[in-house]
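**Student:** Can you read through this structure? Questions will come right after.
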Amino acid sequence: MTISQLSIFIENKSGTLLQVLNLLKEAGISLIASNIADTVEYGICRIICGEPARAYSVLKEAGIAVALSEVFAIEMDNEVGSAAKAISLLSDEGINITYLYSFLIDGKGVLIFRTDDAEKASAAIARGGLHLISEEALATLA
């Protein structure tokens with residue numbers, strides 16, 4: 001089970017991020033988590049939100065370069081070493097993590113990651129007893 005994530009390509013100049021956030025605000029779409037990775041000219045803003053398909057449409061209609069992708073969301077106890085334990089399980093299976101970010105919500109840690117082998121990651125997560133959190137569950141916690 002994966003969740004949908006928006007990847008928004010924005011120019012590194014004043015006001016471009018604000019435009020994206022205002023579009024989502026005006027559409028009444030709440031953000032759950034966000035992360036920005038930048039290069040010299042562009043940034044990639046990754047967003048987990050309550051209504052990813054609608055957010056995608058809103059941004060596309062506004063001419064924003066956006067992609068919808070599937071990522072894993074693992075719920076963890078808010079304890080030292082929880083992330084290391086989860087990543088170790090994946091690493092031991094030879095699973096490459098393309099990118100990762102995390103946040104706390106309702107007292108629980110949430111680890112978001114993408115991999116180049118979703119099928120293998122799903123099997124490892126199930127074998128390791130990790131708890132995947134659904135899009136619906138994340139939206140109700142936000």
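Ordering of the structure tokens sets the chain letters (A, B, ...), residue numbers begin anew at 1 in every chain, and ligands are numbered from 1 in the order given.
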May I have the residues within 12 Å of Leu31 in chain A as a PyMOL selection string, using only C-alpha atoms and disregarding those fewer than 2 positions away in the same chain?

**Tutor:** chain A and resi 5-6+20-25+27-29+33-35+46-52+55+138-142

**Student:** With only C-alpha atoms as the counted atoms, please give the residues lying no more than 12 Å from Ala126 in chain A, apart from itself and same-chain residues fewer than 3 positions off, as a VMD selection string.

**Tutor:** chain A and resid 1 74 86 89 to 90 119 to 123 129 to 132

**Student:** Which residue is closest to Lys108 in chain A? Choose from A:Ser82, A:Asn96, A:Ser91, A:Ser4 and count only C-alpha atoms.

**Tutor:**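 Looking only at the distances to Lys108 in chain A, the closest residue turns out to be A:Ser82.
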
**Student:** Measure the distance from CA of Val110 in chain A to CA of Ile133 in chain A in Å and round it to one decimal.

**Tutor:**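 Between CA of Val110 in chain A and CA of Ile133 in chain A the gap works out to 8.2 Å.
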
**Student:** Given the choices A:Met76, A:Ile10, A:Val40, A:Ala124, which gets closest to Gly107 in chain A if the distance is worked out from only C-alpha atoms?

**Tutor:**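 Using only C-alpha atoms, Gly107 in chain A sits closest to A:Met76.
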
**Student:** Nearest to Gln19 in chain A among A:Phe113, A:Leu59, A:Leu100, A:Asp92, with distances taken over only C-alpha atoms: which residue is it?

**Tutor:**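 Among the listed residues, A:Leu59 lies closest to Gln19 in chain A.
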
**Student:** Hey, what does DSSP flag as strand (DSSP E or B) within chain A? Can you give it to me as a PyMOL selection string?

**Tutor:** chain A and resi 3-11+31-38+42-49+65-77+97-105+108-115+131-132
